[in-house]
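A.B. asks: Structure: my_file-v8.txt, compact mmCIF, C-alpha atoms.
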# COMPACT_ATOMS: atom_id res chain seq x y z
CA MET A 1 138.81 13.14 3.69
CA SER A 2 137.04 14.04 6.82
CA ASN A 3 134.99 11.71 8.93
CA GLN A 4 131.86 13.62 8.08
CA ASP A 5 132.29 12.86 4.41
CA GLU A 6 132.62 9.18 5.12
CA THR A 7 129.35 8.79 6.95
CA PRO A 8 126.60 7.04 4.92
CA GLU A 9 124.10 9.80 5.54
CA TYR A 10 126.37 12.36 4.07
CA ARG A 11 127.15 10.23 1.01
CA LEU A 12 123.44 9.77 0.32
CA ARG A 13 122.78 13.50 0.34
CA LYS A 14 125.54 14.10 -2.13
CA GLU A 15 124.17 11.55 -4.51
CA LEU A 16 120.57 13.07 -4.48
CA PRO A 17 119.89 16.00 -6.79
CA ASP A 18 119.44 19.37 -5.28
CA GLU A 19 115.94 20.15 -4.09
CA VAL A 20 113.96 22.29 -6.48
CA PRO A 21 111.75 24.77 -4.73
CA VAL A 22 108.05 24.24 -5.46
CA ALA A 23 106.38 27.15 -7.13
CA PRO A 24 103.26 28.31 -5.33
CA ALA A 25 100.00 26.95 -6.91
CA ALA A 26 98.05 29.40 -8.90
CA ASP A 27 94.78 30.42 -7.28
CA ASP A 28 91.81 28.72 -9.10
CA ALA A 29 89.58 31.55 -8.11
CA ALA A 30 91.99 33.91 -9.87
CA GLU A 31 91.98 31.77 -13.07
CA LYS A 32 88.10 31.16 -13.16
CA PRO A 33 85.84 34.16 -13.32
CA ALA A 34 83.37 34.39 -10.38
CA GLU A 35 79.75 33.32 -11.20
CA PRO A 36 77.14 36.01 -10.57
CA ALA A 37 74.66 35.36 -7.72
CA LEU A 38 71.08 34.21 -8.74
CA THR A 39 68.05 36.31 -7.93
CA GLY A 40 64.92 34.96 -6.20
CA ARG A 41 62.85 34.86 -9.41
CA GLN A 42 65.63 32.93 -11.23
CA ARG A 43 65.77 30.37 -8.42
CA MET A 44 61.92 29.98 -8.59
CA VAL A 45 62.10 29.43 -12.36
CA GLN A 46 64.80 26.80 -11.95
CA GLY A 47 62.62 25.04 -9.36
CA LEU A 48 59.52 25.02 -11.59
CA TRP A 49 61.06 24.20 -14.94
CA PRO A 50 61.34 21.61 -16.27
CA PRO A 51 58.10 20.51 -14.52
CA ARG A 52 58.00 17.25 -12.57
CA VAL A 53 54.33 16.12 -12.80
CA SER A 54 53.00 12.75 -11.59
CA ARG A 55 50.02 10.95 -13.11
CA ALA A 56 47.75 11.72 -10.14
CA GLN A 57 48.58 15.43 -10.36
CA LEU A 58 47.83 15.40 -14.10
CA ILE A 59 44.41 13.78 -13.53
CA VAL A 60 43.53 16.30 -10.82
CA ALA A 61 44.56 19.14 -13.10
CA LEU A 62 42.35 17.84 -15.92
CA LEU A 63 39.37 17.49 -13.57
CA LEU A 64 39.82 21.00 -12.26
CA PHE A 65 40.08 22.30 -15.80
CA GLY A 66 36.83 20.56 -16.78
CA LEU A 67 35.04 21.89 -13.70
CA GLY A 68 36.23 25.41 -14.37
CA PHE A 69 35.17 25.20 -17.98
CA GLY A 70 31.67 24.01 -17.03
CA LEU A 71 31.25 26.80 -14.49
CA ALA A 72 32.38 29.33 -17.05
CA VAL A 73 29.83 28.05 -19.58
CA GLN A 74 27.05 28.11 -16.96
CA VAL A 75 27.88 31.65 -15.89
CA ALA A 76 28.01 32.75 -19.52
CA SER A 77 24.61 31.15 -20.23
CA ASN A 78 23.01 32.81 -17.21
CA SER A 79 24.58 36.08 -18.15
CA ASP A 80 23.19 35.78 -21.67
CA SER A 81 19.68 35.08 -20.33
CA GLY A 82 19.90 37.93 -17.87
CA ASN A 83 21.23 40.24 -20.54
CA ALA A 84 18.39 39.20 -22.85
CA LEU A 85 15.79 40.02 -20.19
CA ARG A 86 17.52 43.25 -19.24
CA GLY A 87 17.57 44.29 -22.85
CA ALA A 88 13.93 43.37 -23.51
CA ARG A 89 11.29 46.01 -23.93
CA GLN A 90 8.58 46.59 -21.39
CA GLU A 91 5.95 45.14 -23.74
CA ASP A 92 8.03 41.96 -24.12
CA LEU A 93 8.43 41.62 -20.37
CA VAL A 94 4.69 42.03 -19.85
CA ARG A 95 3.99 39.38 -22.50
CA ILE A 96 6.46 36.98 -20.87
CA LEU A 97 4.81 37.49 -17.48
CA ASP A 98 1.38 36.90 -19.00
CA GLU A 99 2.57 33.68 -20.61
CA LEU A 100 4.00 32.50 -17.30
CA ASP A 101 0.73 33.31 -15.53
CA ASP A 102 -1.25 31.44 -18.19
CA ARG A 103 1.04 28.43 -17.92
CA SER A 104 0.72 28.43 -14.14
CA GLN A 105 -3.07 28.65 -14.42
CA ARG A 106 -3.16 25.75 -16.90
CA LEU A 107 -1.03 23.63 -14.61
CA GLU A 108 -3.26 24.49 -11.65
CA ASP A 109 -6.38 23.59 -13.65
CA GLU A 110 -4.81 20.31 -14.70
CA LYS A 111 -3.91 19.56 -11.09
CA GLN A 112 -7.47 20.25 -9.93
CA GLY A 113 -8.83 18.06 -12.73
CA LEU A 114 -6.59 15.16 -11.74
CA GLU A 115 -7.55 15.55 -8.08
CA LYS A 116 -11.23 15.54 -9.05
CA GLN A 117 -10.77 12.37 -11.11
CA GLN A 118 -8.97 10.73 -8.20
CA GLN A 119 -11.79 11.68 -5.84
CA GLU A 120 -14.42 10.38 -8.27
CA LEU A 121 -12.55 7.11 -8.64
CA GLU A 122 -12.28 6.74 -4.87
CA ASN A 123 -15.96 7.57 -4.41
CA SER A 124 -17.02 5.20 -7.18
CA SER A 125 -14.86 2.49 -5.64
CA ASP A 126 -16.42 3.11 -2.23
CA GLN A 127 -19.90 3.17 -3.76
CA ALA A 128 -19.24 -0.05 -5.65
CA GLU A 129 -17.99 -1.72 -2.47
CA GLU A 130 -20.99 -0.47 -0.50
CA ALA A 131 -23.36 -1.63 -3.24
CA ARG A 132 -21.67 -5.04 -3.22
CA LYS A 133 -22.07 -5.30 0.55
CA GLN A 134 -25.71 -4.28 0.33
CA THR A 135 -26.29 -6.81 -2.45
CA VAL A 136 -24.76 -9.62 -0.40
CA GLU A 137 -26.81 -8.63 2.65
CA LYS A 138 -30.00 -8.39 0.59
CA GLU A 139 -29.27 -11.77 -0.92
CA LYS A 140 -28.99 -13.28 2.55
CA GLN A 141 -32.26 -11.69 3.63
CA LEU A 142 -34.07 -12.92 0.55
CA GLY A 143 -32.49 -16.33 1.00
CA ILE A 144 -33.90 -16.52 4.52
CA LEU A 145 -37.35 -15.57 3.31
CA ALA A 146 -37.14 -17.98 0.38
CA GLY A 147 -35.80 -20.77 2.59
CA THR A 148 -32.66 -21.27 0.50
CA VAL A 149 -30.21 -20.47 3.34
CA ALA A 150 -30.09 -21.51 6.98
CA ALA A 151 -30.90 -19.00 9.70
CA GLN A 152 -30.42 -18.62 13.42
CA GLY A 153 -31.51 -16.17 16.06
CA PRO A 154 -33.78 -15.76 19.07
CA GLY A 155 -37.25 -17.25 18.96
CA ILE A 156 -39.48 -19.97 20.29
CA THR A 157 -40.06 -23.68 19.99
CA MET A 158 -43.70 -24.82 19.97
CA THR A 159 -44.47 -28.52 20.38
CA ILE A 160 -47.96 -29.93 19.72
CA ALA A 161 -48.59 -33.44 20.99
CA ASP A 162 -51.69 -34.94 19.32
CA THR A 163 -52.40 -38.29 20.92
CA LYS A 164 -56.01 -38.34 19.76
CA GLY A 165 -55.28 -37.53 16.13
CA THR A 166 -57.64 -34.60 16.13
CA VAL A 167 -55.26 -31.91 14.89
CA GLU A 168 -55.92 -31.06 11.28
CA ALA A 169 -53.98 -29.15 8.61
CA ASP A 170 -56.06 -26.00 8.91
CA MET A 171 -55.20 -25.74 12.62
CA LEU A 172 -51.49 -25.87 11.86
CA LEU A 173 -51.97 -23.35 9.06
CA ASP A 174 -53.69 -21.00 11.53
CA ALA A 175 -50.66 -21.34 13.82
CA ILE A 176 -48.31 -20.45 10.94
CA GLN A 177 -50.42 -17.44 10.00
CA GLU A 178 -50.52 -16.24 13.60
CA LEU A 179 -46.74 -16.57 13.91
CA ARG A 180 -46.18 -14.63 10.68
CA ALA A 181 -48.49 -11.87 11.89
CA ALA A 182 -46.46 -11.68 15.13
CA GLY A 183 -43.22 -11.12 13.20
CA ALA A 184 -41.82 -14.60 12.60
CA GLU A 185 -38.94 -14.41 10.11
CA ALA A 186 -38.16 -18.10 9.64
CA ILE A 187 -40.32 -21.17 10.42
CA GLN A 188 -39.55 -24.86 10.28
CA VAL A 189 -42.06 -27.62 11.01
CA ASN A 190 -40.72 -31.15 11.56
CA GLY A 191 -37.77 -30.60 9.20
CA VAL A 192 -39.80 -28.84 6.49
CA ARG A 193 -39.04 -25.18 5.76
CA VAL A 194 -42.10 -22.97 5.64
CA VAL A 195 -42.02 -20.32 2.89
CA ALA A 196 -44.50 -17.96 1.23
CA ASP A 197 -46.08 -20.61 -1.00
CA THR A 198 -46.17 -23.38 1.61
CA PHE A 199 -49.42 -25.38 1.68
CA LEU A 200 -50.71 -27.91 4.22
CA THR A 201 -53.07 -30.80 3.54
CA ASP A 202 -54.62 -33.60 5.58
CA SER A 203 -53.16 -37.04 4.87
CA GLY A 204 -55.26 -39.63 6.69
CA LYS A 205 -54.62 -39.16 10.39
CA SER A 206 -51.51 -37.04 9.73
CA VAL A 207 -50.69 -33.78 7.94
CA SER A 208 -48.57 -33.06 4.87
CA VAL A 209 -46.52 -29.86 4.46
CA ASP A 210 -45.71 -29.08 0.84
CA GLY A 211 -46.33 -32.78 0.10
CA ASN A 212 -44.08 -33.96 2.92
CA LYS A 213 -45.93 -36.11 5.46
CA ILE A 214 -45.23 -35.16 9.08
CA ASN A 215 -46.29 -37.00 12.21
CA THR A 216 -47.03 -35.98 15.75
CA PRO A 217 -45.61 -34.42 17.77
CA PHE A 218 -45.56 -31.34 15.54
CA ARG A 219 -42.56 -29.22 16.42
CA PHE A 220 -42.41 -25.60 15.25
CA LYS A 221 -39.02 -23.86 15.33
CA VAL A 222 -39.60 -20.15 14.86
CA ILE A 223 -37.11 -17.24 14.68
CA GLY A 224 -38.40 -13.86 15.81
CA ASN A 225 -38.90 -11.76 18.90
CA PRO A 226 -39.95 -14.21 21.63
CA GLN A 227 -41.78 -11.45 23.52
CA ASP A 228 -44.08 -11.01 20.51
CA LEU A 229 -44.39 -14.62 19.34
CA GLU A 230 -45.42 -16.33 22.58
CA PRO A 231 -48.19 -13.86 23.57
CA ALA A 232 -49.61 -14.06 20.04
CA LEU A 233 -50.11 -17.80 20.46
CA ASN A 234 -51.63 -17.52 23.94
CA ILE A 235 -54.22 -14.82 23.28
CA PRO A 236 -57.77 -15.76 24.30
CA GLY A 237 -59.37 -17.79 21.54
CA GLY A 238 -55.99 -18.10 19.85
CA VAL A 239 -53.94 -21.06 18.60
CA VAL A 240 -53.13 -22.63 21.97
CA GLN A 241 -56.73 -22.57 23.24
CA THR A 242 -58.04 -23.97 19.94
CA LEU A 243 -55.60 -26.89 19.99
CA GLU A 244 -56.26 -27.62 23.66
CA LYS A 245 -59.99 -27.84 22.88
CA GLU A 246 -59.06 -30.64 20.49
CA GLN A 247 -57.32 -32.39 23.41
CA ALA A 248 -53.86 -31.60 22.08
CA THR A 249 -51.01 -30.59 24.40
CA VAL A 250 -49.13 -27.41 23.49
CA THR A 251 -45.86 -26.23 25.03
CA VAL A 252 -44.04 -23.02 24.09
CA GLU A 253 -40.41 -22.38 25.07
CA ARG A 254 -38.41 -19.24 24.52
CA SER A 255 -34.77 -19.43 23.46
CA ASP A 256 -31.97 -17.04 22.67
CA LYS A 257 -30.81 -19.22 19.79
CA ILE A 258 -33.09 -21.07 17.41
CA VAL A 259 -31.52 -22.76 14.37
CA VAL A 260 -33.64 -23.18 11.27
CA ASP A 261 -31.56 -25.33 8.94
CA ALA A 262 -34.14 -26.97 6.71
CA LEU A 263 -33.62 -25.68 3.15
CA ARG A 264 -35.70 -25.32 0.05
CA ALA A 265 -34.33 -25.55 -3.46
CA ALA A 266 -34.19 -22.24 -5.29
CA LYS A 267 -37.02 -22.03 -7.76
CA GLN A 268 -36.66 -20.11 -11.01
CA PRO A 269 -39.89 -18.36 -11.99
CA ASP A 270 -41.31 -19.31 -15.37
CA TYR A 271 -42.72 -15.93 -16.36
CA ALA A 272 -41.73 -13.24 -13.86
CA ARG A 273 -38.56 -11.25 -14.65
CA SER A 274 -36.83 -8.40 -12.91
CA SER A 275 -38.07 -5.02 -14.08
CA GLY A 276 -34.44 -3.85 -14.25
CA GLN A 277 -33.66 -6.18 -17.18
The structure in this file should be written as structure tokens.
C.D. replies:
Amino acid sequence: MSNQDETPEYRLRKELPDEVPVAPAADDAAEKPAEPALTGRQRMVQGLWPPRVSRAQLIVALLLFGLGFGLAVQVASNSDSGNALRGARQEDLVRILDELDDRSQRLEDEKQGLEKQQQELENSSDQAEEARKQTVEKEKQLGILAGTVAAQGPGITMTIADTKGTVEADMLLDAIQELRAAGAEAIQVNGVRVVADTFLTDSGKSVSVDGNKINTPFRFKVIGNPQDLEPALNIPGGVVQTLEKEQATVTVERSDKIVVDALRAAKQPDYARSSGQ
């Protein structure tokens, strides 16, 4: 036995079976048939089907479908109306135009009627307001004349001092009449309002106005134009000269503001009535 046969490496090789050569692996591409290449349309179909739709996309699609359906119905309706008019006869078109003109005229007449009613209401309201204002103003004027309301304005104050007791009622009445003739609008004598039916009487050594006894000095508060009232009292042979002959002292003062605040109770006539009733 040689030394080579006694080495461990050599013994191990002898004990192992002979190596079997590995057969080459069969080509998979040769066993499986080659798949045909996909076209562009087939790839698009595979991408679209089966569809992958979210809830938001579905809602948007439904809304768009509803909008398209409504537009289609509207277009169809307008087309039907237009087709109906295009297919109408000339006589029908003329009749339709006449009806439209008549309707427009009726609407215009109704508009004018409403505008006229509005104007009448506004005018009547303005007239009623103006009549109310005039009534209030007339009431004030009549109240001044009747002595039922106070009054103020320019005028004079006449004071008669009768130390001798010689001034009588008729002299004071002449003074009132002279003042009225000169344009006096309101007169007050010692706190008594002078009105149309005022009467004066002698009461011993004094004078009574409408039953109210007044004493000297007699003070007249008169509202009117001072430039007319004062000269009327001072005319020759007038009120001032007559009273001075009776040894009375008369003073007349002009003023821009005279207040006549003595009032008379409103008196209801027993027989007279307004002719408007």
A.B. asks: So the first atom is atom CA of Asp256 of chain A and the second is atom CA of Thr159 of chain A; what is the distance between them in Å, to one decimal place?
C.D. replies: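 Value for the atom CA of Asp256 of chain A-atom CA of Thr159 of chain A distance: 17.1 Å.
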A.B. asks: Could you check the closest approach to Gly191 of chain A for each of A:Arg43, A:Arg264, A:Lys164, A:Lys205 and tell me which residue wins, using only C-alpha atoms?
C.D. replies: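 Checking each candidate against Gly191 of chain A, we get A:Arg264 as the closest.
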A.B. asks: Find the residue from A:Leu145, A:Leu179, A:Ala128, A:Ala248 that sits nearest to Asp197 of chain A; use all atoms listed in the file when measuring.
C.D. replies: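 Comparing A:Leu145, A:Leu179, A:Ala128, A:Ala248 against Asp197 of chain A, the winner is A:Leu145.
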A.B. asks: I'd like the interatomic distance between atom CA of Ala196 of chain A and atom CA of Asp270 of chain A, to a tenth of an Å.
C.D. replies: 17.0 Å
A.B. asks: Please determine, counting all atoms listed in the file, which residue among A:Ala265, A:Val60, A:Ala151, A:Leu142 has the shortest atom-to-atom distance to Val222 of chain A.
C.D. replies: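 Once distances to Val222 of chain A are computed over all atoms listed in the file, the minimum belongs to A:Ala151.
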A.B. asks: So how many Å separate atom CA of Ala186 of chain A and atom CA of Ile214 of chain A, to one decimal?
C.D. replies: 18.5 Å
A.B. asks: Generate the coordinates of N, CA and C atoms for segment 199-222 of chain A; report them as an mmCIF file, in the coordinates of the input.
C.D. replies:
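selection.cif, freshly written:
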data_model
loop_
_atom_site.group_PDB
_atom_site.id
_atom_site.type_symbol
_atom_site.label_atom_id
_atom_site.label_comp_id
_atom_site.auth_asym_id
_atom_site.auth_seq_id
_atom_site.Cartn_x
_atom_site.Cartn_y
_atom_site.Cartn_z
ATOM 1 N N PHE A 199 -48.016 -24.943 1.534
ATOM 2 C CA PHE A 199 -49.420 -25.380 1.680
ATOM 3 C C PHE A 199 -49.439 -26.625 2.568
ATOM 4 N N LEU A 200 -50.538 -26.772 3.320
ATOM 5 C CA LEU A 200 -50.710 -27.910 4.220
ATOM 6 C C LEU A 200 -51.993 -28.649 3.828
ATOM 7 N N THR A 201 -51.919 -29.971 3.877
ATOM 8 C CA THR A 201 -53.070 -30.800 3.540
ATOM 9 C C THR A 201 -53.170 -31.938 4.550
ATOM 10 N N ASP A 202 -54.412 -32.435 4.721
ATOM 11 C CA ASP A 202 -54.620 -33.600 5.580
ATOM 12 C C ASP A 202 -54.240 -34.857 4.815
ATOM 13 N N SER A 203 -53.580 -35.778 5.485
ATOM 14 C CA SER A 203 -53.160 -37.040 4.870
ATOM 15 C C SER A 203 -53.507 -38.162 5.845
ATOM 16 N N GLY A 204 -54.788 -38.623 5.761
ATOM 17 C CA GLY A 204 -55.260 -39.630 6.690
ATOM 18 C C GLY A 204 -55.354 -39.058 8.079
ATOM 19 N N LYS A 205 -54.650 -39.662 9.033
ATOM 20 C CA LYS A 205 -54.620 -39.160 10.390
ATOM 21 C C LYS A 205 -53.404 -38.269 10.645
ATOM 22 N N SER A 206 -52.689 -37.914 9.605
ATOM 23 C CA SER A 206 -51.510 -37.040 9.730
ATOM 24 C C SER A 206 -51.708 -35.840 8.813
ATOM 25 N N VAL A 207 -50.663 -35.016 8.742
ATOM 26 C CA VAL A 207 -50.690 -33.780 7.940
ATOM 27 C C VAL A 207 -49.477 -33.775 7.021
ATOM 28 N N SER A 208 -49.671 -33.216 5.819
ATOM 29 C CA SER A 208 -48.570 -33.060 4.870
ATOM 30 C C SER A 208 -48.276 -31.567 4.696
ATOM 31 N N VAL A 209 -46.977 -31.239 4.684
ATOM 32 C CA VAL A 209 -46.520 -29.860 4.460
ATOM 33 C C VAL A 209 -45.747 -29.838 3.151
ATOM 34 N N ASP A 210 -46.313 -29.146 2.175
ATOM 35 C CA ASP A 210 -45.710 -29.080 0.840
ATOM 36 C C ASP A 210 -45.460 -30.489 0.286
ATOM 37 N N GLY A 211 -46.443 -31.402 0.592
ATOM 38 C CA GLY A 211 -46.330 -32.780 0.100
ATOM 39 C C GLY A 211 -45.486 -33.677 0.952
ATOM 40 N N ASN A 212 -44.899 -33.146 2.020
ATOM 41 C CA ASN A 212 -44.080 -33.960 2.920
ATOM 42 C C ASN A 212 -44.915 -34.342 4.144
ATOM 43 N N LYS A 213 -45.131 -35.635 4.353
ATOM 44 C CA LYS A 213 -45.930 -36.110 5.460
ATOM 45 C C LYS A 213 -45.179 -35.960 6.766
ATOM 46 N N ILE A 214 -45.847 -35.336 7.759
ATOM 47 C CA ILE A 214 -45.230 -35.160 9.080
ATOM 48 C C ILE A 214 -46.153 -35.817 10.109
ATOM 49 N N ASN A 215 -45.540 -36.312 11.159
ATOM 50 C CA ASN A 215 -46.290 -37.000 12.210
ATOM 51 C C ASN A 215 -46.153 -36.243 13.522
ATOM 52 N N THR A 216 -47.072 -36.561 14.428
ATOM 53 C CA THR A 216 -47.030 -35.980 15.750
ATOM 54 C C THR A 216 -45.847 -36.557 16.533
ATOM 55 N N PRO A 217 -45.275 -35.813 17.403
ATOM 56 C CA PRO A 217 -45.610 -34.420 17.770
ATOM 57 C C PRO A 217 -45.129 -33.433 16.694
ATOM 58 N N PHE A 218 -45.924 -32.385 16.506
ATOM 59 C CA PHE A 218 -45.560 -31.340 15.540
ATOM 60 C C PHE A 218 -44.706 -30.291 16.273
ATOM 61 N N ARG A 219 -43.505 -30.139 15.760
ATOM 62 C CA ARG A 219 -42.560 -29.220 16.420
ATOM 63 C C ARG A 219 -42.292 -28.030 15.502
ATOM 64 N N PHE A 220 -42.645 -26.850 15.982
ATOM 65 C CA PHE A 220 -42.410 -25.600 15.250
ATOM 66 C C PHE A 220 -41.143 -24.924 15.817
ATOM 67 N N LYS A 221 -40.206 -24.640 14.948
ATOM 68 C CA LYS A 221 -39.020 -23.860 15.330
ATOM 69 C C LYS A 221 -39.141 -22.513 14.614
ATOM 70 N N VAL A 222 -39.259 -21.459 15.407
ATOM 71 C CA VAL A 222 -39.600 -20.150 14.860
ATOM 72 C C VAL A 222 -38.546 -19.132 15.321
#
